Structure formats: C-alpha cells, structure tokens
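Engineer: Sharing final04.pdb (PDB, C-alpha atoms) below.
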ATOM      1  CA  MET A   1       0.000   0.000   0.000  1.00  0.00           C
ATOM      2  CA  ASP A   2       1.308   3.445  -0.938  1.00  0.00           C
ATOM      3  CA  GLU A   3       1.215   5.540   2.232  1.00  0.00           C
ATOM      4  CA  THR A   4       2.563   8.728   0.584  1.00  0.00           C
ATOM      5  CA  PRO A   5       0.254  11.666   1.436  1.00  0.00           C
ATOM      6  CA  THR A   6      -1.673  13.097  -1.503  1.00  0.00           C
ATOM      7  CA  ARG A   7      -3.397  16.391  -1.963  1.00  0.00           C
ATOM      8  CA  PHE A   8      -6.782  14.845  -2.549  1.00  0.00           C
ATOM      9  CA  PRO A   9      -8.268  11.675  -1.009  1.00  0.00           C
ATOM     10  CA  SER A  10      -8.124   8.641  -3.250  1.00  0.00           C
ATOM     11  CA  ARG A  11     -11.264   7.239  -4.841  1.00  0.00           C
ATOM     12  CA  ARG A  12     -11.136   4.343  -2.365  1.00  0.00           C
ATOM     13  CA  LEU A  13     -11.133   6.726   0.600  1.00  0.00           C
ATOM     14  CA  MET A  14     -13.955   8.796  -0.891  1.00  0.00           C
ATOM     15  CA  ILE A  15     -16.039   5.651  -1.346  1.00  0.00           C
ATOM     16  CA  ALA A  16     -15.296   4.606   2.241  1.00  0.00           C
ATOM     17  CA  GLY A  17     -16.510   7.952   3.506  1.00  0.00           C
ATOM     18  CA  ALA A  18     -19.661   7.774   1.424  1.00  0.00           C
ATOM     19  CA  LEU A  19     -20.445   4.266   2.675  1.00  0.00           C
ATOM     20  CA  ALA A  20     -19.925   5.330   6.276  1.00  0.00           C
ATOM     21  CA  ALA A  21     -22.381   8.194   5.780  1.00  0.00           C
ATOM     22  CA  TRP A  22     -25.085   6.034   4.183  1.00  0.00           C
ATOM     23  CA  PRO A  23     -27.273   4.834   7.127  1.00  0.00           C
ATOM     24  CA  ALA A  24     -30.428   6.800   7.856  1.00  0.00           C
ATOM     25  CA  HIS A  25     -29.581   9.825   9.958  1.00  0.00           C
ATOM     26  CA  GLY A  26     -33.034  10.126  11.493  1.00  0.00           C
ATOM     27  CA  LEU A  27     -32.694   6.657  12.998  1.00  0.00           C
ATOM     28  CA  ALA A  28     -29.149   7.280  14.211  1.00  0.00           C
ATOM     29  CA  GLN A  29     -30.230  10.441  16.026  1.00  0.00           C
ATOM     30  CA  GLN A  30     -32.571   8.367  18.192  1.00  0.00           C
ATOM     31  CA  ARG A  31     -30.093   5.620  19.023  1.00  0.00           C
ATOM     32  CA  ARG A  32     -26.628   5.208  20.418  1.00  0.00           C
ATOM     33  CA  VAL A  33     -24.131   4.655  17.625  1.00  0.00           C
ATOM     34  CA  ILE A  34     -21.109   2.373  17.505  1.00  0.00           C
ATOM     35  CA  THR A  35     -18.803   2.737  14.507  1.00  0.00           C
ATOM     36  CA  ILE A  36     -16.314   0.023  13.566  1.00  0.00           C
ATOM     37  CA  LEU A  37     -13.169   1.487  12.006  1.00  0.00           C
ATOM     38  CA  GLY A  38     -11.495  -1.556  10.541  1.00  0.00           C
ATOM     39  CA  ASP A  39     -10.360  -3.583   7.558  1.00  0.00           C
ATOM     40  CA  SER A  40     -11.606  -6.655   5.669  1.00  0.00           C
ATOM     41  CA  ILE A  41     -12.220  -8.663   8.847  1.00  0.00           C
ATOM     42  CA  THR A  42     -14.772  -6.163  10.117  1.00  0.00           C
ATOM     43  CA  ALA A  43     -16.061  -5.271   6.636  1.00  0.00           C
ATOM     44  CA  GLY A  44     -17.173  -8.866   6.017  1.00  0.00           C
ATOM     45  CA  TYR A  45     -14.804  -9.939   3.268  1.00  0.00           C
ATOM     46  CA  GLY A  46     -16.229 -12.935   1.384  1.00  0.00           C
ATOM     47  CA  LEU A  47     -19.572 -12.751   3.194  1.00  0.00           C
ATOM     48  CA  PRO A  48     -23.013 -11.282   2.479  1.00  0.00           C
ATOM     49  CA  SER A  49     -23.641  -8.039   4.352  1.00  0.00           C
ATOM     50  CA  SER A  50     -26.129  -9.816   6.611  1.00  0.00           C
ATOM     51  CA  ALA A  51     -23.317 -12.046   7.924  1.00  0.00           C
ATOM     52  CA  ALA A  52     -20.731  -9.273   8.353  1.00  0.00           C
ATOM     53  CA  LEU A  53     -19.645  -8.011  11.760  1.00  0.00           C
ATOM     54  CA  PRO A  54     -21.721  -4.798  11.901  1.00  0.00           C
ATOM     55  CA  VAL A  55     -24.996  -6.702  11.501  1.00  0.00           C
ATOM     56  CA  GLN A  56     -23.994  -9.599  13.737  1.00  0.00           C
ATOM     57  CA  LEU A  57     -22.651  -7.313  16.452  1.00  0.00           C
ATOM     58  CA  GLN A  58     -25.862  -5.322  16.455  1.00  0.00           C
ATOM     59  CA  ALA A  59     -27.782  -8.580  16.874  1.00  0.00           C
ATOM     60  CA  GLN A  60     -25.633  -9.574  19.859  1.00  0.00           C
ATOM     61  CA  LEU A  61     -26.092  -6.132  21.419  1.00  0.00           C
ATOM     62  CA  ARG A  62     -29.851  -6.539  21.167  1.00  0.00           C
ATOM     63  CA  LYS A  63     -29.582  -9.815  23.091  1.00  0.00           C
ATOM     64  CA  LEU A  64     -27.889  -7.840  25.867  1.00  0.00           C
ATOM     65  CA  GLY A  65     -30.662  -5.252  25.878  1.00  0.00           C
ATOM     66  CA  SER A  66     -28.867  -2.571  23.881  1.00  0.00           C
ATOM     67  CA  GLY A  67     -30.600  -0.872  20.963  1.00  0.00           C
ATOM     68  CA  ALA A  68     -27.383   0.636  19.669  1.00  0.00           C
ATOM     69  CA  LEU A  69     -26.897   1.058  15.935  1.00  0.00           C
ATOM     70  CA  VAL A  70     -23.656  -0.475  14.647  1.00  0.00           C
ATOM     71  CA  ARG A  71     -22.201   1.319  11.656  1.00  0.00           C
ATOM     72  CA  GLY A  72     -19.494  -0.336   9.580  1.00  0.00           C
ATOM     73  CA  ALA A  73     -16.521   1.730   8.439  1.00  0.00           C
ATOM     74  CA  GLY A  74     -14.245  -1.089   7.360  1.00  0.00           C
ATOM     75  CA  VAL A  75     -12.176  -1.020   4.168  1.00  0.00           C
ATOM     76  CA  SER A  76     -10.541  -4.184   2.871  1.00  0.00           C
ATOM     77  CA  GLY A  77      -6.774  -3.893   2.752  1.00  0.00           C
ATOM     78  CA  ASP A  78      -6.588  -0.928   5.092  1.00  0.00           C
ATOM     79  CA  THR A  79      -3.543  -0.531   7.300  1.00  0.00           C
ATOM     80  CA  THR A  80      -3.380   1.697  10.353  1.00  0.00           C
ATOM     81  CA  ALA A  81      -2.010   4.385   8.025  1.00  0.00           C
ATOM     82  CA  GLY A  82      -5.111   4.069   5.857  1.00  0.00           C
ATOM     83  CA  GLY A  83      -7.355   4.275   8.908  1.00  0.00           C
ATOM     84  CA  LEU A  84      -5.559   7.392  10.074  1.00  0.00           C
ATOM     85  CA  ALA A  85      -6.029   9.009   6.663  1.00  0.00           C
ATOM     86  CA  ARG A  86      -9.805   8.539   6.743  1.00  0.00           C
ATOM     87  CA  VAL A  87     -10.792   8.507  10.418  1.00  0.00           C
ATOM     88  CA  ASP A  88     -12.083  12.080  10.360  1.00  0.00           C
ATOM     89  CA  PHE A  89     -14.694  11.403   7.681  1.00  0.00           C
ATOM     90  CA  SER A  90     -15.323   7.670   8.104  1.00  0.00           C
ATOM     91  CA  VAL A  91     -16.347   8.052  11.749  1.00  0.00           C
ATOM     92  CA  GLN A  92     -19.364  10.330  11.791  1.00  0.00           C
ATOM     93  CA  ARG A  93     -19.993  12.985  14.394  1.00  0.00           C
ATOM     94  CA  ASP A  94     -22.953  11.141  15.948  1.00  0.00           C
ATOM     95  CA  THR A  95     -20.762   8.190  16.951  1.00  0.00           C
ATOM     96  CA  ASP A  96     -20.847   7.454  20.683  1.00  0.00           C
ATOM     97  CA  VAL A  97     -18.164   4.739  20.658  1.00  0.00           C
ATOM     98  CA  CYS A  98     -15.700   3.760  17.956  1.00  0.00           C
ATOM     99  CA  LEU A  99     -14.231   0.271  17.857  1.00  0.00           C
ATOM    100  CA  VAL A 100     -10.771   0.666  16.323  1.00  0.00           C
ATOM    101  CA  ALA A 101      -9.925  -2.699  14.780  1.00  0.00           C
ATOM    102  CA  LEU A 102      -6.885  -2.126  12.585  1.00  0.00           C
ATOM    103  CA  GLY A 103      -3.440  -3.647  12.360  1.00  0.00           C
ATOM    104  CA  GLY A 104      -3.948  -6.945  10.574  1.00  0.00           C
ATOM    105  CA  ASN A 105      -2.618  -5.620   7.282  1.00  0.00           C
ATOM    106  CA  ASP A 106       0.300  -3.948   9.058  1.00  0.00           C
ATOM    107  CA  LEU A 107       1.147  -7.395  10.370  1.00  0.00           C
ATOM    108  CA  LEU A 108       0.871  -9.038   6.960  1.00  0.00           C
ATOM    109  CA  GLN A 109       3.035  -6.341   5.385  1.00  0.00           C
ATOM    110  CA  GLY A 110       5.660  -6.440   8.124  1.00  0.00           C
ATOM    111  CA  VAL A 111       5.189  -2.793   9.059  1.00  0.00           C
ATOM    112  CA  ASP A 112       7.487  -1.614  11.842  1.00  0.00           C
ATOM    113  CA  PRO A 113       5.491  -1.975  15.100  1.00  0.00           C
ATOM    114  CA  LYS A 114       6.626   1.512  16.133  1.00  0.00           C
ATOM    115  CA  ARG A 115       4.929   2.909  13.040  1.00  0.00           C
ATOM    116  CA  THR A 116       1.764   0.931  13.754  1.00  0.00           C
ATOM    117  CA  GLN A 117       1.751   2.236  17.320  1.00  0.00           C
ATOM    118  CA  ALA A 118       2.213   5.824  16.179  1.00  0.00           C
ATOM    119  CA  ASN A 119      -0.690   5.518  13.740  1.00  0.00           C
ATOM    120  CA  LEU A 120      -3.008   3.989  16.336  1.00  0.00           C
ATOM    121  CA  ASP A 121      -2.029   6.652  18.850  1.00  0.00           C
ATOM    122  CA  LYS A 122      -3.009   9.359  16.372  1.00  0.00           C
ATOM    123  CA  ILE A 123      -6.291   7.647  15.470  1.00  0.00           C
ATOM    124  CA  VAL A 124      -7.324   7.331  19.111  1.00  0.00           C
ATOM    125  CA  ALA A 125      -6.220  10.898  19.873  1.00  0.00           C
ATOM    126  CA  LYS A 126      -8.315  12.230  16.991  1.00  0.00           C
ATOM    127  CA  LEU A 127     -11.395  10.373  18.222  1.00  0.00           C
ATOM    128  CA  LYS A 128     -10.915  11.497  21.813  1.00  0.00           C
ATOM    129  CA  ALA A 129     -10.540  15.099  20.660  1.00  0.00           C
ATOM    130  CA  ARG A 130     -13.991  14.753  19.080  1.00  0.00           C
ATOM    131  CA  LYS A 131     -15.399  13.415  22.382  1.00  0.00           C
ATOM    132  CA  ILE A 132     -15.958   9.960  20.891  1.00  0.00           C
ATOM    133  CA  GLY A 133     -15.420   6.956  23.141  1.00  0.00           C
ATOM    134  CA  VAL A 134     -12.893   4.390  21.955  1.00  0.00           C
ATOM    135  CA  VAL A 135     -12.441   0.651  22.351  1.00  0.00           C
ATOM    136  CA  LEU A 136      -9.210  -0.652  20.853  1.00  0.00           C
ATOM    137  CA  ALA A 137      -9.121  -4.185  19.445  1.00  0.00           C
ATOM    138  CA  GLY A 138      -5.765  -5.933  19.433  1.00  0.00           C
ATOM    139  CA  LEU A 139      -4.487  -8.914  17.482  1.00  0.00           C
ATOM    140  CA  GLN A 140      -2.424 -11.942  18.398  1.00  0.00           C
ATOM    141  CA  PRO A 141       0.109 -12.736  15.647  1.00  0.00           C
ATOM    142  CA  PRO A 142      -0.019 -16.307  14.294  1.00  0.00           C
ATOM    143  CA  PRO A 143       2.753 -18.767  15.168  1.00  0.00           C
ATOM    144  CA  VAL A 144       4.362 -18.443  11.723  1.00  0.00           C
ATOM    145  CA  ILE A 145       5.382 -14.850  12.475  1.00  0.00           C
ATOM    146  CA  GLY A 146       8.894 -14.418  13.858  1.00  0.00           C
ATOM    147  CA  ARG A 147       8.962 -14.452  17.649  1.00  0.00           C
ATOM    148  CA  ALA A 148      10.628 -11.071  18.146  1.00  0.00           C
ATOM    149  CA  TYR A 149       8.393  -9.277  15.643  1.00  0.00           C
ATOM    150  CA  ALA A 150       5.275 -10.963  17.045  1.00  0.00           C
ATOM    151  CA  ARG A 151       6.191  -9.887  20.572  1.00  0.00           C
ATOM    152  CA  ASP A 152       6.805  -6.278  19.550  1.00  0.00           C
ATOM    153  CA  PHE A 153       3.663  -6.139  17.419  1.00  0.00           C
ATOM    154  CA  GLN A 154       1.364  -7.560  20.074  1.00  0.00           C
ATOM    155  CA  ALA A 155       2.753  -5.110  22.647  1.00  0.00           C
ATOM    156  CA  VAL A 156       1.616  -2.186  20.492  1.00  0.00           C
ATOM    157  CA  PHE A 157      -2.047  -2.484  21.454  1.00  0.00           C
ATOM    158  CA  ALA A 158      -1.491  -2.608  25.203  1.00  0.00           C
ATOM    159  CA  ALA A 159       0.847   0.373  24.937  1.00  0.00           C
ATOM    160  CA  VAL A 160      -1.715   2.463  23.044  1.00  0.00           C
ATOM    161  CA  SER A 161      -4.500   1.406  25.409  1.00  0.00           C
ATOM    162  CA  LYS A 162      -2.479   2.366  28.479  1.00  0.00           C
ATOM    163  CA  GLY A 163      -1.076   5.557  27.012  1.00  0.00           C
ATOM    164  CA  GLN A 164      -4.433   6.816  25.755  1.00  0.00           C
ATOM    165  CA  GLY A 165      -6.479   5.502  28.666  1.00  0.00           C
ATOM    166  CA  VAL A 166      -8.914   3.514  26.511  1.00  0.00           C
ATOM    167  CA  PRO A 167     -10.187  -0.052  27.031  1.00  0.00           C
ATOM    168  CA  LEU A 168      -8.491  -2.858  25.127  1.00  0.00           C
ATOM    169  CA  TYR A 169     -10.124  -5.971  23.696  1.00  0.00           C
ATOM    170  CA  PRO A 170      -6.883  -7.966  23.502  1.00  0.00           C
ATOM    171  CA  ASN A 171      -7.574 -10.183  20.500  1.00  0.00           C
ATOM    172  CA  LEU A 172     -10.223  -9.445  17.880  1.00  0.00           C
ATOM    173  CA  LEU A 173      -9.978 -13.015  16.593  1.00  0.00           C
ATOM    174  CA  ALA A 174     -10.152 -14.715  19.995  1.00  0.00           C
ATOM    175  CA  GLY A 175     -11.733 -18.141  19.638  1.00  0.00           C
ATOM    176  CA  VAL A 176     -11.631 -17.925  15.846  1.00  0.00           C
ATOM    177  CA  ALA A 177      -8.016 -17.716  14.681  1.00  0.00           C
ATOM    178  CA  GLN A 178      -6.385 -21.064  13.892  1.00  0.00           C
ATOM    179  CA  THR A 179      -9.790 -22.792  13.998  1.00  0.00           C
ATOM    180  CA  PRO A 180     -10.531 -24.062  10.458  1.00  0.00           C
ATOM    181  CA  ARG A 181     -14.282 -24.526  10.926  1.00  0.00           C
ATOM    182  CA  LEU A 182     -14.628 -20.821  11.818  1.00  0.00           C
ATOM    183  CA  ASN A 183     -12.608 -19.448   8.913  1.00  0.00           C
ATOM    184  CA  GLN A 184     -12.913 -19.137   5.174  1.00  0.00           C
ATOM    185  CA  ARG A 185     -10.702 -21.147   2.863  1.00  0.00           C
ATOM    186  CA  ASP A 186      -7.907 -18.564   3.050  1.00  0.00           C
ATOM    187  CA  GLY A 187      -7.500 -19.438   6.737  1.00  0.00           C
ATOM    188  CA  PHE A 188      -7.464 -15.784   7.729  1.00  0.00           C
ATOM    189  CA  HIS A 189     -10.911 -14.261   7.270  1.00  0.00           C
ATOM    190  CA  PRO A 190     -13.697 -15.536   9.530  1.00  0.00           C
ATOM    191  CA  ASN A 191     -16.692 -17.256   7.991  1.00  0.00           C
ATOM    192  CA  ALA A 192     -20.253 -16.475   9.067  1.00  0.00           C
ATOM    193  CA  GLN A 193     -19.987 -18.684  12.154  1.00  0.00           C
ATOM    194  CA  GLY A 194     -16.656 -17.123  13.057  1.00  0.00           C
ATOM    195  CA  VAL A 195     -18.132 -13.640  12.821  1.00  0.00           C
ATOM    196  CA  VAL A 196     -20.817 -14.618  15.321  1.00  0.00           C
ATOM    197  CA  VAL A 197     -18.104 -15.755  17.754  1.00  0.00           C
ATOM    198  CA  ILE A 198     -16.308 -12.414  17.348  1.00  0.00           C
ATOM    199  CA  ALA A 199     -19.556 -10.495  17.867  1.00  0.00           C
ATOM    200  CA  GLN A 200     -20.363 -12.475  21.007  1.00  0.00           C
ATOM    201  CA  GLY A 201     -16.983 -11.578  22.472  1.00  0.00           C
ATOM    202  CA  LEU A 202     -17.175  -7.891  21.589  1.00  0.00           C
ATOM    203  CA  ALA A 203     -20.770  -7.174  22.584  1.00  0.00           C
ATOM    204  CA  PRO A 204     -20.329  -7.088  26.398  1.00  0.00           C
ATOM    205  CA  VAL A 205     -17.245  -4.886  26.063  1.00  0.00           C
ATOM    206  CA  LEU A 206     -19.101  -2.381  23.905  1.00  0.00           C
ATOM    207  CA  VAL A 207     -22.141  -2.377  26.205  1.00  0.00           C
ATOM    208  CA  LYS A 208     -19.809  -1.333  29.020  1.00  0.00           C
ATOM    209  CA  ALA A 209     -18.226   1.324  26.816  1.00  0.00           C
ATOM    210  CA  LEU A 210     -21.650   2.767  26.008  1.00  0.00           C
ATOM    211  CA  ALA A 211     -22.556   2.759  29.694  1.00  0.00           C
ATOM    212  CA  ARG A 212     -19.450   4.797  30.475  1.00  0.00           C
ATOM    213  CA  ARG A 213     -20.625   7.336  27.890  1.00  0.00           C
ATOM    214  CA  ALA A 214     -24.115   7.652  29.383  1.00  0.00           C
TER
END
Would you mind writing the structure in this file as structure tokens?
Structural biologist:
Amino acid sequence: MDETPTRFPSRRLMIAGALAAWPAHGLAQQRRVITILGDSITAGYGLPSSAALPVQLQAQLRKLGSGALVRGAGVSGDTTAGGLARVDFSVQRDTDVCLVALGGNDLLQGVDPKRTQANLDKIVAKLKARKIGVVLAGLQPPPVIGRAYARDFQAVFAAVSKGQGVPLYPNLLAGVAQTPRLNQRDGFHPNAQGVVVIAQGLAPVLVKALARRA
C-alpha cells in the first residue's frame, strides 16, 4: 500500500466515507451509535452483508438489551495508516463509541510496530478530541510470524491502550483464529460462524463502553 500523502483523497477513501455516511440519519439520532473502524475482517470480506460483523454485532447487542446502531466503516486492505487518513470522515460525528480494529494488514506487510503504534495513537487521539469513546481491538500474531516481531507487534495495542487511557479488547480473533471450521478457505478471514463468535466476544465490552458514555 502506498502511504505517501496526496493532496486529494483517493477514490477508495472517498467511497469509504460515502459508505460510512449512508445509514439513515433520522434513525441514528434516536439511538446510540457504535462505529467500527477496521479492515476486511470487520467489513465482512467474502460474506453477504447480513453475515458481516456490523450486523452480527448489532444482533448480539440486542440480546444484551442494547438498541445501539452499529455502523461499519471497514475497508478491505486498510492498514493503520489508511485508517488514520480517513478517520475524520469515516467516523461520523454522531458516533458514541468507535471500535478501532486495525493492524492486521500492518502485520501481513511487516510494518514496523513503532509505526503501527504511532498511527493507532493518532487515530485514538483524533477520536478522543472529538469526544468519541474508543475501544481498541488488538491482534495476536499467528505462530508463523517471527517471535521477536510478534512480541513487539502484540505489545503495540497494550501500549496504546495504556497511554491513551482507553479499554483494550486484547484479541479481535479470539476463539476464531487457527480454527478451520470458523474461517474461510484462506484461513485468515472468519466465515459467518466465526463472525458470530467475534460479535459475542465484543458485545459485552461495547455495552460497558456505552454505559461509560451515558
């Protein structure tokens, strides 16, 4: 991914912003709003929209008694640098809590963990400056990643969480990663059943985050 700044946002970023702005505003004004700033895992790569994380997470929230609207702002292939470039327009002003779920593509591309940490720090700082609550989702590198790099990468999320004072969900793919029956054929993206497992894990954390915003 080319991370060189440009004068104008790319077509991909413009589309991402337009998609994030699509849900009915009248409905959002009456409900608490959770926005998921993420990549292909949260955008529902390889799945129908009804099976993607925004829809499934909203369903799990309802089971916990929350009527919050979950708005997807995931772009396949996005790194933390991409998320930083679009956070201001992908996360709308009516968002109560933003789940920041980025870093998987940094990992796949071997991005320096210090750079990933700096990008996440800036994303969280931008959201906090807008009075938007933040939950940070971490990732646990797979065993095939070098031990030293995996250690440094995994430490990034705890460092950002502690430094910014925001709650951390340690592993977005908890209970799903390395479990073939919960993943698509590529072994990386969750299938519909895997998405439900992710949503079940996230829902209580986000209910608590909304409660703190009340």
Engineer: Can you pull out every residue within 12 Å of Gln184 of chain A, counting all atoms listed in the file, but drop anything in the same chain fewer than 2 positions away, and send it as a list in words?
Structural biologist: Ile41, Gly44, Tyr45, Gly46, Leu47, Val176, Ala177, Gln178, Thr179, Pro180, Arg181, Leu182, Asp186, Gly187, Phe188, His189, Pro190, Asn191, Ala192, Gln193, Gly194 and Val195 of chain A
Engineer: Written as a list in words, which residues does the PyMOL selection byres ((chain A and resi 161) around 12) give for the file shown?
Structural biologist: Val100, Gln117, Leu120, Asp121, Ile123, Val124, Ala125, Val134, Val135, Leu136, Ala137, Gly138, Gln154, Ala155, Val156, Phe157, Ala158, Ala159, Val160, Lys162, Gly163, Gln164, Gly165, Val166, Pro167, Leu168, Tyr169 and Pro170 of chain A
Engineer: Starting from the PyMOL selection byres ((chain A and resi 213) around 9), expand the selection into actual residues of this file and give them as a ChimeraX atom specification.
Structural biologist: /A:96-97,132-133,208-212,214
Engineer: Quick one: residues within 10 Å of Gly65 of chain A, all atoms listed in the file, excluding same-chain residues fewer than 4 positions away - as a list in words?
Structural biologist: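 Final neighbour list, sorted by chain and number: Gln60, Leu61 and Val207 of chain A.
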Engineer: Step by step, work through what the PyMOL selection byres ((chain A and resi 75) around 8) selects in the shown file, and finish by giving those residues as a PyMOL selection string.
Structural biologist: chain A and resi 16+38-40+43+73-74+76-78
Engineer: Between A:Leu69, A:Val33, A:Ala148, A:Ala51, which residue has the minimum interatomic distance to Val91 of chain A, considering only C-alpha atoms?
Structural biologist: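 For Val91 of chain A, the nearest of the given residues is A:Val33.
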Engineer: Any idea what's packed within 12 Å of Arg151 of chain A, counting all atoms listed in the file, ignoring anything in its chain fewer than 5 positions away? Could you give it as a count of residues only?
Structural biologist: 12
Engineer: Between A:Gly175, A:Ala203, A:Arg130, A:Arg147, which residue has the minimum interatomic distance to Val87 of chain A, considering only C-alpha atoms?
Structural biologist: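 Closest residue, counting only C-alpha atoms: A:Arg130.
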Engineer: Can you measure atom CA of Val197 of chain A to atom CA of Gly72 of chain A for me? One decimal in Å is fine.
Structural biologist: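 Atom CA of Gly72 of chain A lies at a distance of 17.5 Å from atom CA of Val197 of chain A.
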